[in-house]
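Shown below: structure-v1.txt, with compact mmCIF, C-alpha atoms.
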```txt
# COMPACT_ATOMS: atom_id res chain seq x y z
CA MET A 238 -87.22 -107.98 12.88
CA THR A 239 -87.04 -105.54 15.81
CA SER A 240 -83.58 -105.20 17.34
CA PRO A 241 -83.43 -106.43 20.96
CA LEU A 242 -81.36 -103.30 21.72
CA ARG A 243 -83.92 -100.85 20.38
CA GLY A 244 -84.48 -98.08 22.92
CA HIS A 245 -81.65 -99.37 25.15
CA ARG A 246 -80.16 -95.99 26.06
CA ALA A 247 -77.70 -97.36 28.63
CA PHE A 248 -76.12 -99.68 26.06
CA ARG A 249 -75.90 -96.88 23.49
CA ARG A 250 -74.06 -94.73 26.02
CA PHE A 251 -71.62 -97.53 26.82
CA TRP A 252 -71.20 -98.30 23.11
CA ALA A 253 -70.39 -94.65 22.38
CA GLY A 254 -67.71 -94.66 25.07
CA GLN A 255 -66.11 -97.77 23.60
CA ALA A 256 -66.22 -96.31 20.09
CA VAL A 257 -64.32 -93.18 21.15
CA SER A 258 -61.80 -95.26 23.09
CA GLN A 259 -61.21 -97.67 20.19
CA PHE A 260 -60.35 -94.85 17.78
CA GLY A 261 -58.03 -93.35 20.38
CA ASP A 262 -56.25 -96.67 20.78
CA ARG A 263 -55.41 -96.76 17.09
CA VAL A 264 -53.54 -93.47 17.51
CA SER A 265 -51.41 -94.83 20.35
CA GLU A 266 -50.71 -98.10 18.52
CA LEU A 267 -49.00 -96.05 15.83
CA ALA A 268 -47.57 -93.28 17.99
CA LEU A 269 -45.86 -95.29 20.75
CA PRO A 270 -43.54 -97.28 18.42
CA LEU A 271 -42.83 -94.08 16.47
CA ILE A 272 -41.75 -92.35 19.67
CA ALA A 273 -39.43 -95.28 20.43
CA VAL A 274 -37.94 -95.42 16.94
CA GLY A 275 -38.01 -91.76 15.90
CA ALA A 276 -37.39 -89.83 19.10
CA LEU A 277 -35.37 -92.40 21.08
CA ASP A 278 -33.63 -94.36 18.27
CA ALA A 279 -34.72 -97.66 19.84
CA SER A 280 -33.44 -100.98 18.48
CA THR A 281 -35.65 -103.75 17.10
CA ALA A 282 -35.32 -105.66 20.38
CA GLN A 283 -36.31 -102.58 22.37
CA VAL A 284 -39.40 -102.02 20.23
CA ALA A 285 -40.31 -105.71 20.67
CA GLY A 286 -39.86 -105.23 24.41
CA LEU A 287 -42.39 -102.40 24.29
CA THR A 288 -44.98 -104.79 22.81
CA ALA A 289 -44.13 -107.41 25.44
CA ALA A 290 -44.54 -104.82 28.22
CA LEU A 291 -48.02 -104.01 26.96
CA TRP A 292 -49.12 -107.69 26.98
CA ALA A 293 -47.27 -108.81 30.11
CA PRO A 294 -50.00 -107.74 32.61
CA ASN A 295 -52.33 -110.34 31.07
CA LEU A 296 -50.30 -113.02 32.85
CA ALA A 297 -51.78 -111.74 36.12
CA ALA A 298 -55.35 -111.59 34.77
CA VAL A 299 -56.40 -114.74 36.66
CA PHE A 300 -55.62 -113.05 40.00
CA LEU A 301 -56.98 -109.65 38.99
CA GLY A 302 -60.21 -111.29 37.83
CA ALA A 303 -60.52 -113.07 41.18
CA TRP A 304 -60.08 -109.75 42.96
CA VAL A 305 -62.66 -108.03 40.73
CA ASP A 306 -65.23 -110.72 41.53
CA GLY A 307 -65.09 -109.62 45.16
CA ARG A 308 -65.90 -105.99 44.35
CA PRO A 309 -69.52 -104.81 44.67
CA ASP A 310 -69.64 -102.41 41.68
CA GLN A 311 -67.71 -103.18 38.49
CA ARG A 312 -68.84 -99.95 36.84
CA ARG A 313 -66.53 -97.99 39.14
CA LEU A 314 -63.64 -100.24 38.14
CA LEU A 315 -64.33 -99.57 34.45
CA VAL A 316 -64.18 -95.83 35.11
CA LEU A 317 -61.01 -96.23 37.20
CA ALA A 318 -59.32 -98.21 34.42
CA ASP A 319 -60.14 -95.49 31.90
CA LEU A 320 -58.85 -92.72 34.18
CA VAL A 321 -55.59 -94.59 34.90
CA ARG A 322 -54.95 -95.09 31.19
CA ALA A 323 -55.70 -91.43 30.48
CA ALA A 324 -53.29 -90.27 33.19
CA ALA A 325 -50.49 -92.63 32.09
CA LEU A 326 -50.72 -91.60 28.44
CA ALA A 327 -50.91 -87.90 29.32
CA THR A 328 -47.42 -88.10 30.87
CA LEU A 329 -45.89 -88.56 27.41
CA PRO A 330 -46.92 -85.24 25.81
CA VAL A 331 -46.07 -83.45 29.07
CA ALA A 332 -42.59 -84.99 29.09
CA ALA A 333 -42.20 -84.24 25.38
CA LEU A 334 -42.80 -80.53 25.99
CA PHE A 335 -39.70 -80.54 28.21
CA GLY A 336 -37.71 -82.90 25.97
CA ALA A 337 -37.65 -85.51 28.74
CA VAL A 338 -39.25 -88.60 27.16
CA THR A 339 -37.23 -91.74 27.90
CA LEU A 340 -37.46 -95.38 26.89
CA GLY A 341 -38.04 -96.29 30.53
CA GLN A 342 -41.06 -94.00 30.60
CA LEU A 343 -42.45 -95.67 27.46
CA TYR A 344 -42.10 -99.10 29.09
CA ALA A 345 -43.77 -97.82 32.26
CA VAL A 346 -46.67 -96.34 30.28
CA ALA A 347 -47.05 -99.63 28.38
CA VAL A 348 -47.18 -101.68 31.60
CA VAL A 349 -49.60 -99.32 33.36
CA THR A 350 -51.97 -99.01 30.40
CA GLY A 351 -51.76 -102.77 29.82
CA ALA A 352 -52.61 -103.50 33.46
CA ALA A 353 -55.50 -101.02 33.39
CA GLY A 354 -56.73 -102.70 30.21
CA VAL A 355 -56.74 -106.06 31.99
CA LEU A 356 -58.70 -104.50 34.86
CA PHE A 357 -61.21 -103.08 32.38
CA GLY A 358 -61.60 -106.46 30.66
CA ASN A 359 -62.19 -108.30 33.93
CA ALA A 360 -64.77 -105.77 35.12
CA TYR A 361 -66.41 -105.66 31.69
CA ALA A 362 -67.56 -109.30 31.77
CA PRO A 363 -70.03 -109.01 34.70
CA PHE A 364 -70.99 -105.45 33.76
CA PHE A 365 -71.92 -106.49 30.21
CA ALA A 366 -74.10 -109.34 31.52
CA ARG A 367 -76.05 -106.90 33.72
CA LEU A 368 -76.25 -104.20 31.04
CA VAL A 369 -77.54 -106.34 28.16
CA PRO A 370 -80.44 -108.85 28.27
CA ARG A 371 -79.57 -112.42 27.29
CA SER A 372 -81.60 -112.14 24.09
CA ALA A 373 -79.35 -109.25 22.96
CA TYR A 374 -75.92 -110.83 23.57
CA LEU A 375 -75.30 -111.49 19.87
CA ALA A 376 -76.55 -108.08 18.74
CA ALA A 377 -74.55 -106.22 21.37
CA ASN A 378 -71.33 -108.13 20.64
CA SER A 379 -71.88 -107.48 16.93
CA ARG A 380 -72.11 -103.72 17.47
CA LEU A 381 -69.12 -103.56 19.78
CA SER A 382 -67.02 -105.72 17.43
CA GLY A 383 -68.18 -103.70 14.42
CA THR A 384 -67.00 -100.53 16.10
CA ARG A 385 -63.63 -102.13 16.78
CA SER A 386 -63.35 -103.15 13.12
CA ALA A 387 -64.32 -99.65 11.95
CA ALA A 388 -61.61 -98.22 14.19
CA GLN A 389 -59.08 -100.64 12.71
CA LEU A 390 -60.18 -99.54 9.25
CA ALA A 391 -60.11 -95.76 9.71
CA GLY A 392 -58.04 -95.38 12.88
CA PRO A 393 -54.55 -95.80 11.36
CA ALA A 394 -55.24 -93.02 8.86
CA LEU A 395 -56.44 -90.77 11.67
CA GLY A 396 -53.41 -91.68 13.75
CA GLY A 397 -51.02 -91.03 10.86
CA ALA A 398 -52.54 -87.62 10.22
CA LEU A 399 -52.31 -86.64 13.90
CA VAL A 400 -48.72 -87.87 14.19
CA GLN A 401 -47.72 -85.95 11.08
CA ALA A 402 -49.48 -82.76 12.18
CA LEU A 403 -48.69 -82.81 15.91
CA THR A 404 -45.70 -85.22 16.34
CA ALA A 405 -46.10 -88.64 17.94
CA PRO A 406 -45.90 -87.66 21.66
CA ILE A 407 -48.53 -84.92 21.29
CA ALA A 408 -50.78 -87.22 19.21
CA VAL A 409 -50.91 -89.64 22.16
CA LEU A 410 -52.90 -86.95 23.95
CA ALA A 411 -55.84 -87.84 21.65
CA ASP A 412 -55.93 -91.34 23.17
CA ALA A 413 -55.73 -89.90 26.69
CA VAL A 414 -58.72 -87.66 25.94
CA SER A 415 -60.62 -90.63 24.46
CA PHE A 416 -60.28 -92.48 27.78
CA LEU A 417 -61.59 -89.45 29.66
CA VAL A 418 -64.62 -89.37 27.36
CA SER A 419 -65.13 -93.10 27.86
CA ALA A 420 -64.92 -92.68 31.66
CA LEU A 421 -67.54 -89.92 31.51
CA LEU A 422 -69.93 -91.98 29.40
CA VAL A 423 -69.47 -95.27 31.26
CA GLY A 424 -69.77 -93.49 34.60
CA GLY A 425 -73.27 -92.38 33.67
CA VAL A 426 -74.49 -95.86 32.68
CA ARG A 427 -77.02 -97.47 34.97
CA THR A 428 -77.81 -101.16 34.59
CA ASP A 429 -81.23 -102.74 35.08
CA ARG A 430 -79.92 -105.27 37.58
CA PRO A 431 -77.88 -104.31 40.67
CA PRO A 432 -74.47 -105.87 41.31
CA THR A 433 -74.71 -109.32 42.91
CA ASP A 434 -71.06 -110.11 43.60
CA GLN A 435 -71.07 -109.73 47.37
CA PRO A 436 -68.44 -111.43 49.57
CA ASP A 437 -69.65 -114.89 50.59
CA ARG A 438 -69.00 -116.94 53.73
CA ALA A 439 -65.89 -118.56 52.24
CA ASP A 440 -64.42 -115.14 51.41
CA ARG A 441 -64.87 -113.96 54.99
CA ALA A 442 -63.29 -117.15 56.32
CA ASP A 443 -60.27 -117.01 53.99
CA GLY A 444 -59.50 -113.30 54.43
CA PRO A 445 -58.70 -110.91 51.54
CA ASP A 446 -55.52 -112.60 50.26
CA GLY A 447 -56.79 -116.14 50.71
CA ALA A 448 -60.08 -115.25 49.04
CA VAL A 449 -58.31 -113.95 45.93
CA LEU A 450 -56.20 -117.10 45.61
CA ARG A 451 -59.22 -119.33 46.18
CA ARG A 452 -61.31 -117.47 43.60
CA ALA A 453 -58.42 -117.63 41.11
CA ARG A 454 -58.26 -121.42 41.52
CA GLU A 455 -62.02 -121.63 41.19
CA GLY A 456 -62.00 -119.57 38.00
CA LEU A 457 -59.30 -121.66 36.33
CA GLY A 458 -60.81 -124.92 37.57
CA PHE A 459 -64.28 -123.93 36.37
CA VAL A 460 -62.94 -123.16 32.88
CA LEU A 461 -61.05 -126.45 32.64
CA ARG A 462 -64.06 -128.53 33.77
CA HIS A 463 -66.72 -126.68 31.77
CA PRO A 464 -67.39 -128.42 28.43
CA TYR A 465 -68.02 -125.18 26.52
CA LEU A 466 -65.30 -123.09 28.15
CA ARG A 467 -62.63 -125.82 28.06
CA ALA A 468 -63.11 -126.35 24.33
CA SER A 469 -63.23 -122.65 23.50
CA LEU A 470 -60.12 -121.96 25.62
CA GLY A 471 -58.19 -124.70 23.84
CA CYS A 472 -59.30 -123.37 20.45
CA CYS A 473 -58.67 -119.69 21.26
CA THR A 474 -55.26 -120.36 22.79
CA THR A 475 -54.12 -122.49 19.87
CA VAL A 476 -55.33 -120.10 17.20
CA ASN A 477 -53.82 -117.11 19.05
CA PHE A 478 -50.47 -118.86 19.38
CA PHE A 479 -50.21 -119.65 15.69
CA THR A 480 -51.67 -116.41 14.35
CA PHE A 481 -49.20 -114.43 16.47
CA LEU A 482 -46.51 -116.74 15.11
CA GLY A 483 -47.36 -115.34 11.68
CA TYR A 484 -48.42 -111.86 12.81
CA GLY A 485 -44.95 -110.35 13.00
CA LEU A 486 -43.81 -112.14 9.85
CA THR A 487 -46.60 -110.89 7.57
CA VAL A 488 -45.32 -107.33 7.18
CA LEU A 489 -41.75 -108.60 6.87
CA PHE A 490 -42.80 -111.11 4.18
CA ALA A 491 -44.82 -108.51 2.28
CA GLY A 492 -41.87 -106.13 2.20
CA ARG A 493 -38.96 -108.52 1.59
CA GLU A 494 -40.46 -111.44 -0.34
CA LEU A 495 -43.34 -109.71 -2.16
CA GLY A 496 -41.43 -106.46 -2.68
CA LEU A 497 -44.34 -104.23 -1.66
CA SER A 498 -43.79 -100.66 -0.54
CA ALA A 499 -45.01 -99.41 2.83
CA GLY A 500 -47.80 -97.53 1.07
CA ARG A 501 -49.05 -100.65 -0.73
CA ILE A 502 -48.86 -102.71 2.45
CA GLY A 503 -50.90 -100.06 4.25
CA LEU A 504 -53.43 -100.00 1.40
CA ALA A 505 -53.77 -103.79 1.48
CA PHE A 506 -54.27 -103.79 5.24
CA GLY A 507 -56.87 -101.03 4.97
CA LEU A 508 -58.81 -102.92 2.30
CA GLY A 509 -58.49 -106.13 4.29
CA ALA A 510 -59.92 -104.49 7.42
CA THR A 511 -63.29 -104.25 5.68
CA GLY A 512 -63.56 -108.03 6.17
CA GLY A 513 -63.62 -107.56 9.93
CA LEU A 514 -66.34 -104.94 9.67
CA LEU A 515 -68.42 -107.15 7.39
CA GLY A 516 -67.93 -110.13 9.70
CA ALA A 517 -68.95 -108.20 12.81
CA LEU A 518 -72.13 -106.91 11.17
CA GLY A 519 -73.02 -110.23 9.51
CA ALA A 520 -72.22 -112.66 12.36
CA PRO A 521 -75.65 -112.38 14.07
CA ALA A 522 -77.55 -113.04 10.82
CA LEU A 523 -75.33 -116.00 9.91
CA SER A 524 -75.66 -117.37 13.45
CA ARG A 525 -79.45 -117.24 13.17
CA ARG A 526 -79.31 -118.99 9.81
CA ILE A 527 -76.85 -121.84 10.45
CA GLY A 528 -76.51 -121.69 14.24
CA ALA A 529 -74.06 -119.88 16.49
CA GLY A 530 -71.95 -123.01 17.00
CA ARG A 531 -71.43 -123.67 13.30
CA THR A 532 -70.57 -120.00 12.77
CA ILE A 533 -67.90 -120.30 15.47
CA VAL A 534 -66.45 -123.41 13.78
CA LEU A 535 -66.40 -121.66 10.39
CA GLY A 536 -64.66 -118.62 11.89
CA ALA A 537 -62.11 -120.79 13.71
CA VAL A 538 -60.83 -122.05 10.32
CA LEU A 539 -61.35 -118.90 8.25
CA PHE A 540 -59.38 -116.78 10.73
CA PRO A 541 -55.93 -118.47 10.42
CA ALA A 542 -56.13 -120.34 7.09
CA PRO A 543 -55.77 -117.30 4.75
CA ILE A 544 -52.21 -116.77 6.01
CA ALA A 545 -51.27 -119.56 3.58
CA LEU A 546 -52.40 -117.43 0.61
CA LEU A 547 -49.38 -115.20 1.06
CA THR A 548 -46.99 -118.04 0.30
CA VAL A 549 -48.35 -118.43 -3.26
CA ALA A 550 -48.52 -114.72 -4.10
CA GLY A 551 -46.69 -113.68 -7.26
CA GLY A 552 -47.06 -111.87 -10.56
CA PRO A 553 -47.30 -108.11 -11.02
CA VAL A 554 -47.29 -105.75 -8.08
CA TRP A 555 -51.07 -105.23 -8.19
CA ALA A 556 -51.60 -109.01 -7.94
CA ARG A 557 -49.25 -109.32 -4.95
CA THR A 558 -51.00 -106.41 -3.26
CA GLY A 559 -54.36 -107.99 -4.02
CA VAL A 560 -53.38 -111.34 -2.47
CA LEU A 561 -52.25 -109.59 0.71
CA ALA A 562 -55.52 -107.63 0.84
CA ALA A 563 -57.55 -110.81 0.20
CA ALA A 564 -55.73 -112.70 2.95
CA GLU A 565 -56.35 -109.85 5.41
CA PHE A 566 -60.00 -109.57 4.33
CA LEU A 567 -60.74 -113.28 4.81
CA SER A 568 -58.85 -113.41 8.10
CA GLY A 569 -60.70 -110.34 9.41
CA LEU A 570 -64.02 -111.85 8.33
CA GLY A 571 -63.11 -115.12 10.05
CA VAL A 572 -62.06 -113.61 13.37
CA MET A 573 -65.39 -111.78 13.70
CA LEU A 574 -67.44 -114.86 12.77
CA PHE A 575 -65.45 -116.60 15.50
CA ASP A 576 -65.46 -113.89 18.18
CA VAL A 577 -68.98 -112.45 18.05
CA PRO A 578 -70.99 -115.67 18.65
CA LEU A 579 -68.32 -117.18 20.94
CA ASN A 580 -68.42 -114.12 23.20
CA ALA A 581 -72.21 -114.46 23.33
CA VAL A 582 -71.97 -118.16 24.24
CA GLN A 583 -69.44 -117.46 26.99
CA ALA A 584 -71.61 -114.67 28.39
CA ALA A 585 -74.57 -117.07 28.45
CA VAL A 586 -72.89 -120.00 30.21
CA VAL A 587 -70.83 -118.27 32.91
CA PRO A 588 -72.67 -117.64 36.21
CA ASP A 589 -72.77 -114.01 37.38
CA ARG A 590 -70.77 -114.75 40.52
CA LEU A 591 -67.85 -116.20 38.54
CA ARG A 592 -67.67 -113.88 35.51
CA SER A 593 -64.55 -111.88 36.37
CA ARG A 594 -62.51 -114.79 37.71
CA VAL A 595 -63.43 -116.90 34.67
CA PHE A 596 -62.53 -114.06 32.29
CA GLY A 597 -59.24 -113.58 34.13
CA ALA A 598 -58.33 -117.27 33.92
CA PHE A 599 -59.28 -117.32 30.24
CA ALA A 600 -57.23 -114.20 29.46
CA THR A 601 -54.15 -115.40 31.32
CA VAL A 602 -53.91 -118.53 29.18
CA ASN A 603 -55.31 -117.13 25.93
CA TYR A 604 -53.34 -113.88 25.84
CA GLY A 605 -50.32 -115.25 27.65
CA VAL A 606 -49.34 -117.39 24.66
CA ARG A 607 -49.24 -114.46 22.23
CA PRO A 608 -45.68 -113.32 23.02
CA LEU A 609 -44.55 -116.96 22.91
CA GLY A 610 -46.07 -117.36 19.45
CA ALA A 611 -44.35 -114.21 18.23
CA LEU A 612 -40.98 -115.38 19.55
CA LEU A 613 -41.36 -118.81 17.92
CA GLY A 614 -42.37 -117.11 14.67
CA GLY A 615 -39.14 -115.14 14.66
CA LEU A 616 -37.15 -118.33 15.31
CA LEU A 617 -38.91 -120.33 12.58
CA GLY A 618 -38.60 -117.43 10.13
CA THR A 619 -34.86 -117.34 10.75
CA VAL A 620 -34.27 -121.12 10.63
CA LEU A 621 -36.80 -122.29 8.01
CA GLY A 622 -37.49 -119.10 6.08
CA LEU A 623 -40.55 -116.87 5.93
CA ARG A 624 -42.72 -118.99 3.60
CA PRO A 625 -42.45 -122.23 5.63
CA ALA A 626 -43.04 -120.29 8.86
CA LEU A 627 -46.23 -118.73 7.46
CA LEU A 628 -47.44 -122.17 6.35
CA VAL A 629 -46.85 -123.50 9.87
CA ALA A 630 -48.89 -120.58 11.23
CA ALA A 631 -51.78 -121.24 8.82
CA LEU A 632 -51.84 -125.02 9.35
CA GLY A 633 -51.39 -124.92 13.11
CA GLY A 634 -54.03 -122.23 13.53
CA SER A 635 -56.54 -124.11 11.37
CA LEU A 636 -56.09 -127.28 13.43
CA ALA A 637 -57.34 -125.33 16.47
CA VAL A 638 -60.86 -126.22 15.30
CA LEU A 639 -60.22 -129.79 16.50
CA TRP A 640 -60.80 -128.55 20.05
CA LEU A 641 -64.36 -127.58 19.10
CA LEU A 642 -65.55 -130.52 17.00
CA PRO A 643 -66.00 -133.11 19.80
CA SER A 644 -67.42 -130.49 22.18
CA PRO A 645 -71.05 -129.28 22.46
CA VAL A 646 -70.11 -125.89 20.93
CA PRO A 647 -70.95 -126.77 17.27
CA ARG A 648 -74.47 -127.80 18.32
CA VAL A 649 -75.37 -124.40 19.79
CA ARG A 650 -78.24 -122.77 17.88
CA ALA A 651 -78.85 -119.66 19.98
CA PRO A 652 -76.69 -118.63 22.98
CA GLU A 653 -79.73 -117.55 24.99
CA SER A 654 -81.00 -121.17 24.91
CA LEU A 655 -78.16 -122.37 27.14
CA VAL A 656 -79.53 -123.27 30.58
CA PRO A 657 -77.43 -123.22 33.79
CA LEU A 658 -76.65 -126.56 35.46
CA ASP A 659 -75.03 -127.16 38.85
CA LEU A 660 -71.26 -127.74 38.63
CA PRO A 661 -69.27 -128.09 41.87
CA LEU A 662 -66.39 -125.63 42.11
CA PRO A 663 -62.97 -127.31 42.36
CA SER A 664 -62.32 -125.78 45.78
CA GLY A 665 -65.62 -127.05 47.14
CA GLY A 666 -67.32 -123.67 46.91
CA ARG A 667 -70.91 -122.93 46.05
CA ARG A 668 -72.34 -124.86 43.11
CA ASP A 669 -73.11 -122.72 40.09
CA GLY A 670 -74.07 -123.30 36.51
CA ALA A 671 -72.40 -125.00 33.65
CA VAL A 672 -75.02 -125.72 31.00
CA ARG A 673 -77.53 -128.44 30.31
CA ALA A 674 -77.79 -128.47 26.58
CA ALA A 675 -77.86 -126.31 23.50
CA ARG A 676 -81.31 -126.39 22.07
```

As structure tokens, the full file:
Amino acid sequence: MTSPLRGHRAFRRFWAGQAVSQFGDRVSELALPLIAVGALDASTAQVAGLTAALWAPNLAAVFLGAWVDGRPDQRRLLVLADLVRAAALATLPVAALFGAVTLGQLYAVAVVTGAAGVLFGNAYAPFFARLVPRSAYLAANSRLSGTRSAAQLAGPALGGALVQALTAPIAVLADAVSFLVSALLVGGVRTDRPPTDQPDRADRADGPDGAVLRRAREGLGFVLRHPYLRASLGCCTTVNFFTFLGYGLTVLFAGRELGLSAGRIGLAFGLGATGGLLGALGAPALSRRIGAGRTIVLGAVLFPAPIALLTVAGGPVWARTGVLAAAEFLSGLGVMLFDVPLNAVQAAVVPDRLRSRVFGAFATVNYGVRPLGALLGGLLGTVLGLRPALLVAALGGSLAVLWLLPSPVPRVRAPESLVPLDLPLPSGGRRDGAVRAAR
């Protein structure tokens, strides 16, 4: 079967930029906490605050997405987001050369790079829809997700080597350079279809500030009224809340309860990451065989459920390590079976004019619960113990599938078969598509 992306040079250029950026991100994920702990002697609460600072800008995604929808060329915003992240990260090695790195600077870098990441994500949604034909949504998402999984597999080793050879602040420079490369590649991408998001009559009547607020309300209202988006938002938000509840406890449980060394934990996570790569590459084929909707449902359960395996781990050290690796493998496989076809469905059912504001509304709710889940996980781990808390994470995350079962999502065969249907915007704006049916 011929790939729908064969000969698509613009996508390959964009894909290459994302691949470089993903590997760079893995370096910073390791280096930033090491700077806080090693160079600045930060406390546990301060390191947790660094993670919160990185995710906090997502709470404003609904408004940023509304603003992006009023811009005529999202490609320029993608390039701008990459350049801002490169500049922010580059301040760390410069400050390190003068011995002037501070915790405040780390927080500032986390907020700026997090905000630029939200901008990139909001601009990405309409850009992707213009770059890739509908028939290639699954294939394109598979390749992009596969690259992300490969970076998660090999990136930590690369990051560790760079940190050891160059020190953590200097290693961050690799991520800054990766964003410059991404900006160069993305800046040269030309899409087949021109941008269509021009200011409409309502935007001109409301003025800039009023237009952003109106579009934000429209984006959130459209998601909540759309049968596919409402169900997928409920499922994604629930599964994210509970998996982040267990996310911070997994390493703690592996070290304290399973007695695994840092090296064995790293080995288990590396082996487990192959599940994500396999899932990203296999999701299109499985979707064609059993349907995209059923693949999403399978992934929604397989993603959180393996957390429960950790609670029954025992025996010799190799067996405990193997259970951790198996849990990570199955979870990584599940998240890709969930993400790849769901991203394709969402790309198919959202009208061009609403893509950024819908993505922003989705991200605000979906990503906004992650810090809350992590905080509740710490509380449950303290009050109930680590094993019961992990069981709560596995059970609660698995029940997220209940959002999907009564919705039309499980009946989707191929995302490209979804046909737009008029759906009035909650603010009385122009009518644009929901979907008729999944054929």

Please list as a list in words every residue within 7 Å of Phe566 (chain A), counting only C-alpha atoms and excluding residues in the same chain fewer than 2 positions away.
Gly509, Ala510, Thr511, Gly512, Gly513, Ala562, Ala563, Ala564, Ser568, Gly569 and Leu570 of chain A

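Pairwise distance (CA of Ser654 (chain A), CA of Leu461 (chain A)) equals 22.0 Å.
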
Neighbourhood query: residues within 10 Å of (-45.5, -119.9, 0.6), file coordinates, counting only C-alpha atoms; return as a PyMOL selection string.
chain A and resi 490+494+544-550+622-628

Create the file for the chosen residues now, containing C-alpha atoms and written as a CSV table (one decimal), in the frame of the given file.
```
chain,number,residue,atom,x,y,z
A,490,PHE,CA,-42.8,-111.1,4.2
A,494,GLU,CA,-40.5,-111.4,-0.3
A,544,ILE,CA,-52.2,-116.8,6.0
A,545,ALA,CA,-51.3,-119.6,3.6
A,546,LEU,CA,-52.4,-117.4,0.6
A,547,LEU,CA,-49.4,-115.2,1.1
A,548,THR,CA,-47.0,-118.0,0.3
A,549,VAL,CA,-48.4,-118.4,-3.3
A,550,ALA,CA,-48.5,-114.7,-4.1
A,622,GLY,CA,-37.5,-119.1,6.1
A,623,LEU,CA,-40.6,-116.9,5.9
A,624,ARG,CA,-42.7,-119.0,3.6
A,625,PRO,CA,-42.4,-122.2,5.6
A,626,ALA,CA,-43.0,-120.3,8.9
A,627,LEU,CA,-46.2,-118.7,7.5
A,628,LEU,CA,-47.4,-122.2,6.4
```

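When the distance limit is 12 Å and all atoms listed in the file are what count, the residues near Val606 (chain A), minus those fewer than 3 positions from it on the same chain, are Ala289, Trp292, Ala293, Asn295, Leu296, Leu470, Gly471, Cys473, Thr474, Thr475, Val476, Asn477, Phe478, Phe479, Thr480, Phe481, Leu482, Phe599, Ala600, Thr601, Val602, Asn603, Leu609, Gly610, Ala611, Leu612 and Leu613 of chain A.
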
All residues 8 Å or closer to region 332-347 of chain A, only C-alpha atoms, same chain fewer than 2 positions away omitted, as a ChimeraX atom specification
/A:269,273,277,279,287-288,290-291,325-326,328-330,349-351,406-407

Residue nearest Pro578 (chain A) among A:Leu495, A:Ala377, A:Val423, A:Val629 (counting all atoms listed in the file):
A:Ala377

Which residue is closest to Val426 (chain A)? Choose from A:Arg308, A:Arg367, A:Arg525, A:Arg531 and count only C-alpha atoms.
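The closest residue to Val426 (chain A) is A:Arg367.
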
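For the choices A:Gln255, A:Ser498, A:Ser635, A:Ser593, the atom-to-atom distance to Val299 (chain A) is smallest for A:Ser593 when using all atoms listed in the file.
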
Find the residues around Leu314 (chain A) up to 12 Å (only C-alpha atoms counted), leave out those fewer than 3 positions away in its own chain, and share them as a PyMOL selection string.
chain A and resi 301-302+304-311+317-321+353-364+420+423-424+593

For the atom pair CA of Gly492 (chain A) and CA of Glu266 (chain A), what is the interatomic distance in Å to one decimal place?
20.2 Å

Between CA of Arg648 (chain A) and CA of Ser469 (chain A), what is the distance, to one decimal in Å?
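CA of Ser469 (chain A) lies 13.4 Å from CA of Arg648 (chain A).
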
Any chance you could work out the axis-aligned box around region 460-475 of chain A, listed atoms only, 8 Å on each side, giving centre and edge lengths in Å to one decimal, as AutoDock Vina command-line options?
```
--center_x -61.1 --center_y -124.1 --center_z 26.8 --size_x 29.9 --size_y 24.8 --size_z 29.9
```

Would you kindly return, as a VMD selection string, each protein, DNA or RNA residue with an atom no farther than 12 Å from any atom of Gly254 (chain A), considering all atoms listed in the file and excluding same-chain residues fewer than 2 positions away?
chain A and resid 247 to 252 256 to 261 315 to 316 319 381 384 to 385 414 to 426
